[in-house]
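Shown next: protein-v1.tsv, given as TSV, C-alpha atoms.
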chain	number	residue	atom	x	y	z
A	24	MET	CA	-14.44	-12.52	-7.86
A	25	PRO	CA	-10.74	-13.14	-8.46
A	26	TYR	CA	-9.05	-11.72	-11.53
A	27	SER	CA	-8.37	-13.89	-14.52
A	28	PRO	CA	-5.00	-15.62	-14.36
A	29	LEU	CA	-4.41	-14.26	-17.86
A	30	ILE	CA	-4.34	-10.75	-16.37
A	31	VAL	CA	-2.44	-11.40	-13.16
A	32	ASN	CA	0.11	-14.00	-14.25
A	33	PRO	CA	2.45	-11.52	-15.98
A	34	MET	CA	2.31	-9.32	-12.86
A	35	LYS	CA	3.07	-12.29	-10.64
A	36	GLN	CA	5.94	-13.27	-12.90
A	37	GLU	CA	7.57	-9.86	-12.47
A	38	LEU	CA	8.28	-11.04	-8.92
A	39	THR	CA	8.60	-14.81	-9.26
A	40	THR	CA	11.26	-14.45	-11.95
A	41	ILE	CA	13.45	-12.56	-9.49
A	42	GLY	CA	13.15	-15.18	-6.78
A	43	PHE	CA	9.86	-14.52	-5.00
A	44	GLU	CA	7.86	-17.48	-3.75
A	45	GLU	CA	4.12	-17.18	-4.33
A	46	LEU	CA	1.96	-17.87	-1.28
A	47	THR	CA	-1.49	-18.85	-2.52
A	48	THR	CA	-3.06	-20.39	0.59
A	49	ALA	CA	-3.46	-19.40	4.24
A	50	GLU	CA	-1.44	-22.45	5.21
A	51	ALA	CA	1.47	-21.32	3.04
A	52	VAL	CA	1.38	-17.90	4.72
A	53	ASP	CA	1.38	-19.47	8.19
A	54	SER	CA	4.27	-21.71	7.22
A	55	PHE	CA	6.25	-18.69	6.01
A	56	ILE	CA	5.62	-16.76	9.22
A	57	GLU	CA	6.56	-19.75	11.36
A	58	GLN	CA	10.02	-19.84	9.76
A	59	LYS	CA	11.02	-17.17	12.25
A	60	PRO	CA	14.80	-16.79	12.12
A	61	GLY	CA	16.05	-14.39	9.47
A	62	SER	CA	14.70	-11.56	7.40
A	63	ALA	CA	11.95	-11.49	4.79
A	64	ILE	CA	10.05	-9.25	2.42
A	65	LEU	CA	6.37	-9.82	1.71
A	66	VAL	CA	4.94	-7.99	-1.30
A	67	ILE	CA	1.16	-7.70	-1.48
A	68	ASN	CA	0.93	-7.51	-5.25
A	69	SER	CA	-1.92	-5.83	-7.10
A	70	VAL	CA	-3.23	-5.18	-10.60
A	71	CYS	CA	-3.51	-1.45	-9.99
A	72	GLY	CA	-1.33	0.38	-12.47
A	73	CYS	CA	-1.48	3.63	-10.51
A	74	ALA	CA	0.74	2.14	-7.83
A	75	ALA	CA	1.70	-1.46	-8.55
A	76	GLY	CA	3.27	-0.47	-11.85
A	77	GLN	CA	6.09	1.10	-9.86
A	78	ALA	CA	6.01	-1.22	-6.86
A	79	ARG	CA	7.32	-4.27	-8.69
A	80	PRO	CA	10.21	-2.52	-10.49
A	81	GLY	CA	11.01	-0.74	-7.23
A	82	VAL	CA	11.26	-4.03	-5.38
A	83	ARG	CA	13.44	-5.47	-8.14
A	84	LEU	CA	15.81	-2.51	-7.94
A	85	ALA	CA	15.95	-2.68	-4.14
A	86	LEU	CA	16.98	-6.32	-4.24
A	87	GLU	CA	20.09	-5.38	-6.20
A	88	ALA	CA	21.44	-3.79	-3.00
A	89	ASP	CA	24.12	-5.45	-0.88
A	90	SER	CA	21.86	-5.93	2.12
A	91	LYS	CA	18.57	-7.62	1.35
A	92	PRO	CA	16.11	-10.03	2.95
A	93	ASP	CA	16.80	-13.76	3.20
A	94	LYS	CA	13.31	-14.73	2.06
A	95	LEU	CA	11.18	-13.22	-0.71
A	96	VAL	CA	7.46	-14.00	-0.70
A	97	THR	CA	4.36	-12.54	-2.31
A	98	VAL	CA	0.58	-12.77	-2.22
A	99	PHE	CA	-1.73	-11.28	-4.84
A	100	ALA	CA	-4.58	-9.11	-3.55
A	101	GLY	CA	-7.86	-9.73	-5.33
A	102	GLN	CA	-6.59	-13.03	-6.70
A	103	ASP	CA	-5.20	-15.11	-3.84
A	104	VAL	CA	-7.85	-13.81	-1.48
A	105	GLU	CA	-7.41	-16.30	1.34
A	106	ALA	CA	-3.62	-15.94	1.39
A	107	THR	CA	-3.83	-12.15	1.34
A	108	LYS	CA	-6.31	-12.10	4.21
A	109	GLN	CA	-4.09	-14.41	6.22
A	110	ALA	CA	-0.98	-12.34	5.52
A	111	ARG	CA	-2.77	-9.18	6.69
A	112	SER	CA	-3.81	-10.96	9.87
A	113	TYR	CA	-0.16	-10.79	10.96
A	114	PHE	CA	-0.27	-6.97	11.01
A	115	PRO	CA	-3.82	-6.29	12.23
A	116	ASP	CA	-3.17	-2.68	13.21
A	117	VAL	CA	-2.30	-1.70	9.64
A	118	PRO	CA	-5.21	-0.78	7.34
A	119	PRO	CA	-5.26	-3.03	4.26
A	120	SER	CA	-3.90	-1.56	1.05
A	121	SER	CA	-2.42	-2.94	-2.13
A	122	PRO	CA	0.11	-2.90	-3.43
A	123	SER	CA	2.01	-2.74	-0.16
A	124	ILE	CA	5.23	-4.17	1.21
A	125	ALA	CA	6.06	-5.59	4.63
A	126	LEU	CA	9.50	-6.40	5.99
A	127	PHE	CA	9.88	-9.07	8.66
A	128	LYS	CA	12.72	-9.78	11.06
A	129	ASP	CA	12.57	-13.07	12.97
A	130	GLY	CA	8.86	-13.40	12.26
A	131	GLU	CA	7.90	-9.89	13.39
A	132	MET	CA	6.93	-7.10	11.02
A	133	VAL	CA	9.44	-4.28	11.36
A	134	TYR	CA	8.59	-2.00	8.43
A	135	PHE	CA	5.61	-1.38	6.20
A	136	VAL	CA	5.19	0.55	2.98
A	137	PRO	CA	1.49	1.26	2.39
A	138	ARG	CA	0.02	1.91	-1.03
A	139	HIS	CA	-0.02	5.68	-0.62
A	140	ARG	CA	3.77	5.69	-0.27
A	141	ILE	CA	4.09	3.88	-3.61
A	142	GLU	CA	1.49	5.72	-5.70
A	143	SER	CA	2.90	8.11	-8.24
A	144	ARG	CA	6.46	7.57	-7.06
A	145	SER	CA	9.17	6.30	-9.33
A	146	ALA	CA	10.58	2.80	-9.05
A	147	GLU	CA	13.84	4.42	-7.93
A	148	ASP	CA	12.06	6.20	-5.06
A	149	VAL	CA	10.36	2.99	-3.95
A	150	ALA	CA	13.71	1.19	-4.11
A	151	ALA	CA	15.44	3.91	-2.09
A	152	ASP	CA	12.80	3.62	0.63
A	153	LEU	CA	13.27	-0.16	0.76
A	154	THR	CA	17.07	-0.20	0.66
A	155	ALA	CA	17.17	2.28	3.54
A	156	ALA	CA	14.90	-0.06	5.50
A	157	PHE	CA	17.05	-3.08	4.58
A	158	GLU	CA	20.09	-1.25	5.96
A	159	ARG	CA	18.24	-0.24	9.08
A	160	TYR	CA	16.65	-3.55	9.96
A	161	PHE	CA	18.63	-6.30	8.26
A	162	VAL	CA	22.27	-5.36	8.63
A	163	ALA	CA	23.70	-6.98	11.76
A	164	THR	CA	25.25	-4.54	14.18
A	165	PRO	CA	28.60	-5.54	15.75
A	166	ALA	CA	28.33	-6.79	19.32
B	13	MET	CA	2.64	-3.31	-16.17
B	14	GLY	CA	-0.75	-2.61	-14.65
B	15	THR	CA	-4.23	-1.37	-15.32
B	16	PHE	CA	-4.76	2.30	-16.12
B	17	HIS	CA	-7.80	4.48	-16.70
B	18	GLN	CA	-6.98	7.28	-19.11
B	19	ASP	CA	-10.40	8.94	-18.99
B	20	LYS	CA	-10.17	9.90	-15.31
B	21	SER	CA	-8.64	12.91	-13.58
B	22	GLU	CA	-4.94	13.27	-12.86
B	23	LEU	CA	-5.38	12.02	-9.29
B	24	HIS	CA	-7.35	8.91	-10.26
B	25	GLY	CA	-6.11	6.00	-8.17
B	26	ILE	CA	-4.12	8.18	-5.82
B	27	THR	CA	-4.84	8.29	-2.08
B	28	VAL	CA	-5.69	11.89	-1.22
B	29	VAL	CA	-6.58	14.08	1.72
B	30	VAL	CA	-9.60	16.26	1.05
B	31	ASP	CA	-9.90	19.12	3.50
B	32	THR	CA	-13.15	21.05	3.67
B	33	ASN	CA	-14.51	24.34	4.93
B	34	SER	CA	-16.24	22.45	7.76
B	35	ASP	CA	-14.84	20.27	10.56
B	36	ALA	CA	-14.64	17.29	8.16
B	37	VAL	CA	-11.51	15.98	6.49
B	38	TYR	CA	-11.52	12.94	4.24
B	39	VAL	CA	-8.91	10.39	3.16
B	40	GLY	CA	-9.59	8.00	0.32
B	41	ARG	CA	-8.57	6.86	-3.10
B	42	CYS	CA	-9.52	9.47	-5.67
B	43	ASP	CA	-11.76	8.02	-8.34
B	44	ASP	CA	-12.34	11.27	-10.14
B	45	MET	CA	-12.70	15.00	-9.56
B	46	ASP	CA	-14.04	17.93	-11.55
B	47	ASP	CA	-15.46	21.41	-10.97
B	48	HIS	CA	-18.49	19.97	-9.21
B	49	GLN	CA	-17.32	17.13	-7.00
B	50	VAL	CA	-14.55	14.94	-5.69
B	51	ILE	CA	-15.32	11.22	-5.69
B	52	LEU	CA	-13.41	9.05	-3.21
B	53	LEU	CA	-13.34	5.26	-2.93
B	54	ASP	CA	-12.50	3.22	0.19
B	55	ALA	CA	-12.63	6.39	2.25
B	56	ASP	CA	-12.68	7.48	5.86
B	57	VAL	CA	-13.79	10.78	7.36
B	58	HIS	CA	-12.74	12.59	10.50
B	59	ARG	CA	-14.95	15.24	12.10
B	60	SER	CA	-12.98	17.26	14.60
B	61	GLU	CA	-16.13	18.49	16.39
B	62	GLU	CA	-16.97	14.88	17.22
B	63	SER	CA	-13.47	13.96	18.34
B	64	ASP	CA	-10.69	15.00	20.69
B	65	GLN	CA	-8.28	14.71	17.77
B	66	SER	CA	-7.59	17.67	15.51
B	67	LYS	CA	-7.74	17.42	11.74
B	68	GLU	CA	-3.96	17.76	11.59
B	69	ASP	CA	-3.29	14.96	14.06
B	70	TRP	CA	-5.73	12.63	12.33
B	71	VAL	CA	-4.18	13.29	8.94
B	72	ARG	CA	-0.68	12.84	10.37
B	73	ARG	CA	-1.65	9.40	11.66
B	74	ALA	CA	-3.31	8.51	8.35
B	75	ALA	CA	-0.08	9.41	6.56
B	76	GLU	CA	1.79	6.68	8.47
B	77	PHE	CA	-0.21	3.60	7.45
B	78	GLY	CA	-3.41	4.78	5.74
B	79	VAL	CA	-7.02	4.60	6.88
B	80	TRP	CA	-9.61	1.93	7.54
B	81	LYS	CA	-12.34	2.05	4.93
B	82	LYS	CA	-15.65	3.30	6.31
B	83	PHE	CA	-17.24	4.17	2.96
B	84	ASP	CA	-16.98	2.34	-0.34
B	85	ARG	CA	-17.70	5.59	-2.21
B	86	LEU	CA	-18.08	9.21	-1.13
B	87	VAL	CA	-19.07	12.22	-3.22
B	88	ILE	CA	-17.87	15.54	-1.79
B	89	PRO	CA	-19.26	18.76	-3.31
B	90	ARG	CA	-16.42	20.81	-4.75
B	91	SER	CA	-17.88	23.93	-3.07
B	92	ASP	CA	-17.01	22.35	0.30
B	93	VAL	CA	-13.44	21.52	-0.66
B	94	VAL	CA	-10.54	23.68	0.52
B	95	SER	CA	-7.69	21.49	-0.66
B	96	VAL	CA	-6.89	18.11	-2.20
B	97	ARG	CA	-3.43	16.75	-1.39
B	98	ARG	CA	-1.69	13.46	-1.97
B	99	LEU	CA	-1.46	11.54	1.30
B	100	GLY	CA	1.93	10.22	0.25
B	101	ASP	CA	3.32	13.77	0.11
B	102	LEU	CA	2.59	14.43	3.78
Could you spell out this file's structure in structure tokens?
Amino acid sequence: MPYSPLIVNPMKQELTTIGFEELTTAEAVDSFIEQKPGSAILVINSVCGCAAGQARPGVRLALEADSKPDKLVTVFAGQDVEATKQARSYFPDVPPSSPSIALFKDGEMVYFVPRHRIESRSAEDVAADLTAAFERYFVATPA
Amino acid sequence: MGTFHQDKSELHGITVVVDTNSDAVYVGRCDDMDDHQVILLDADVHRSEESDQSKEDWVRRAAEFGVWKKFDRLVIPRSDVVSVRRLGDL
């Protein structure tokens, strides 16, 4: 059974207020993936305070960096069940966990931060992991 | 902001590796642990005697992306446990 919107809405807003688009249906996820050119971050949001409490601030900090993804999207595990299942279908070799974070380049997943690399870390540590990945995957290299 | 459970052990909610004095090693989300048992949720187990893969190699792979849940809940007797480590530290 999905969580009450009263519980999850503030957690969703931590991301939507910094520019994330909520994907709440499978169709919305497919549409996002089909927009292939460019870079994107997909946050699988979660109510779990043990990990998600630092995931969202970590993402916010990471997006203050010079290099960052073009598109920011999120699904909410346990709430937007269909959208979360569809998002995970695009990286079928990765065991499901939430919160977790996937980076996409031209429609292909290039980097994944599973829950166990968020748990008990600081927001600064999560941000450092992400900004290093932004530099590695999203900064164009001179021809 | 998130949900917290103050009455649980320090590792509550954390994905851990539980190594044992047998060929079994477990990865799962720690629900609670005390002097008698370790309780894991959404857990997987590897038994090296039933596999070509060593405990170390299996744990190394788990540390990359996590594990596929094979058990909703596992209770491991504390007398079997050699170590409990955070998967994220490996």
Should the cut-off be 8 Å, what would the residue list for chain A against chain B look like, counting all atoms listed in the file, as a ChimeraX atom specification?
/A:34,70-76,117-120,135-137,139-143
The selected residues should be written to file as a short mmCIF file (atom, residue, chain, number, x, y, z; two decimals), in the frame of the given file (atoms: C-alpha atoms).
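File written: result12.cif
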data_model
loop_
_atom_site.label_atom_id
_atom_site.label_comp_id
_atom_site.auth_asym_id
_atom_site.auth_seq_id
_atom_site.Cartn_x
_atom_site.Cartn_y
_atom_site.Cartn_z
CA MET A 34 2.31 -9.32 -12.86
CA VAL A 70 -3.23 -5.18 -10.60
CA CYS A 71 -3.51 -1.45 -9.99
CA GLY A 72 -1.33 0.38 -12.47
CA CYS A 73 -1.48 3.63 -10.51
CA ALA A 74 0.74 2.14 -7.83
CA ALA A 75 1.70 -1.46 -8.55
CA GLY A 76 3.27 -0.47 -11.85
CA VAL A 117 -2.30 -1.70 9.64
CA PRO A 118 -5.21 -0.78 7.34
CA PRO A 119 -5.26 -3.03 4.26
CA SER A 120 -3.90 -1.56 1.05
CA PHE A 135 5.61 -1.38 6.20
CA VAL A 136 5.19 0.55 2.98
CA PRO A 137 1.49 1.26 2.39
CA HIS A 139 -0.02 5.68 -0.62
CA ARG A 140 3.77 5.69 -0.27
CA ILE A 141 4.09 3.88 -3.61
CA GLU A 142 1.49 5.72 -5.70
CA SER A 143 2.90 8.11 -8.24
#
Using all atoms listed in the file, find the one residue out of A:Ser123, A:Ser90, A:Gln109, A:Asn32 that sits nearest to Ser62 in chain A.
A:Ser90
As a check of understanding: the span from CA of Gln102 in chain A to CA of Asp129 in chain A is 27.5 Å
Which residue is closest to Arg72 in chain B? Choose from B:Val39, B:Ser91, B:Asp46, B:Leu52 and count only C-alpha atoms.
B:Val39
Could you check which residues have any atom within 7 Å of (-5.9, -5.2, -2.7), counting only C-alpha atoms with coordinates taken straight from the file, and then list them as a PyMOL selection string?
chain A and resi 69+100-101+120-122
Taking 3 positions as the minimum chain separation for residues in the same chain, which residues sit within 10 Å of range 150-157 of chain A when counting only C-alpha atoms? Answer as a PDB file with C-alpha atoms, keeping the file's coordinate frame.
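Output contents, as saved in selection.pdb:
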ATOM      1  CA  SER A  62      14.700 -11.560   7.400  1.00  0.00           C
ATOM      2  CA  ALA A  63      11.950 -11.490   4.790  1.00  0.00           C
ATOM      3  CA  ILE A  64      10.050  -9.250   2.420  1.00  0.00           C
ATOM      4  CA  GLN A  77       6.090   1.100  -9.860  1.00  0.00           C
ATOM      5  CA  ALA A  78       6.010  -1.220  -6.860  1.00  0.00           C
ATOM      6  CA  ARG A  79       7.320  -4.270  -8.690  1.00  0.00           C
ATOM      7  CA  PRO A  80      10.210  -2.520 -10.490  1.00  0.00           C
ATOM      8  CA  GLY A  81      11.010  -0.740  -7.230  1.00  0.00           C
ATOM      9  CA  VAL A  82      11.260  -4.030  -5.380  1.00  0.00           C
ATOM     10  CA  ARG A  83      13.440  -5.470  -8.140  1.00  0.00           C
ATOM     11  CA  LEU A  84      15.810  -2.510  -7.940  1.00  0.00           C
ATOM     12  CA  ALA A  85      15.950  -2.680  -4.140  1.00  0.00           C
ATOM     13  CA  LEU A  86      16.980  -6.320  -4.240  1.00  0.00           C
ATOM     14  CA  GLU A  87      20.090  -5.380  -6.200  1.00  0.00           C
ATOM     15  CA  ALA A  88      21.440  -3.790  -3.000  1.00  0.00           C
ATOM     16  CA  ASP A  89      24.120  -5.450  -0.880  1.00  0.00           C
ATOM     17  CA  SER A  90      21.860  -5.930   2.120  1.00  0.00           C
ATOM     18  CA  LYS A  91      18.570  -7.620   1.350  1.00  0.00           C
ATOM     19  CA  PRO A  92      16.110 -10.030   2.950  1.00  0.00           C
ATOM     20  CA  ILE A 124       5.230  -4.170   1.210  1.00  0.00           C
ATOM     21  CA  ALA A 125       6.060  -5.590   4.630  1.00  0.00           C
ATOM     22  CA  LEU A 126       9.500  -6.400   5.990  1.00  0.00           C
ATOM     23  CA  VAL A 133       9.440  -4.280  11.360  1.00  0.00           C
ATOM     24  CA  TYR A 134       8.590  -2.000   8.430  1.00  0.00           C
ATOM     25  CA  PHE A 135       5.610  -1.380   6.200  1.00  0.00           C
ATOM     26  CA  VAL A 136       5.190   0.550   2.980  1.00  0.00           C
ATOM     27  CA  ARG A 140       3.770   5.690  -0.270  1.00  0.00           C
ATOM     28  CA  ILE A 141       4.090   3.880  -3.610  1.00  0.00           C
ATOM     29  CA  SER A 145       9.170   6.300  -9.330  1.00  0.00           C
ATOM     30  CA  ALA A 146      10.580   2.800  -9.050  1.00  0.00           C
ATOM     31  CA  GLU A 147      13.840   4.420  -7.930  1.00  0.00           C
ATOM     32  CA  TYR A 160      16.650  -3.550   9.960  1.00  0.00           C
ATOM     33  CA  PHE A 161      18.630  -6.300   8.260  1.00  0.00           C
ATOM     34  CA  VAL A 162      22.270  -5.360   8.630  1.00  0.00           C
TER      35      VAL A 162
END
Rounded to one decimal, what separation in Å do you get between CA of Val149 in chain A and CA of Val96 in chain A?
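Going from CA of Val149 in chain A over to CA of Val96 in chain A, I get 17.5 Å.
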Of the candidates B:Asp19, B:Asp31, B:Asp84, B:Asp92, which shows the shortest atom-to-atom distance to Val71 in chain B, using all atoms listed in the file?
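Checking each candidate against Val71 in chain B, we get B:Asp31 as the closest.
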I'd like the interatomic distance between CA of Ile67 in chain A and CA of Thr107 in chain A, to a tenth of an Å.
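CA of Thr107 in chain A lies 7.3 Å from CA of Ile67 in chain A.
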With all atoms listed in the file as the counted atoms, please give the residues lying no more than 12 Å from Leu86 in chain B, apart from itself and same-chain residues fewer than 6 positions off, as a list in words.
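Near Leu86 in chain B, the qualifying residues are Val30, Tyr38, Val39, Gly40, Arg41, Cys42, Asp43, Asp44, Met45, Gln49, Val50, Ile51, Leu52, Leu53, Asp54, Ala55, Asp56 and Val57 of chain B.
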What's around Ser54 in chain A at 12 Å? Count only C-alpha atoms, leave out sequence neighbours fewer than 6 positions away in its own chain, and write the answer as number ranges by chain.
A: 46-48, 96, 106, 109-110, 130
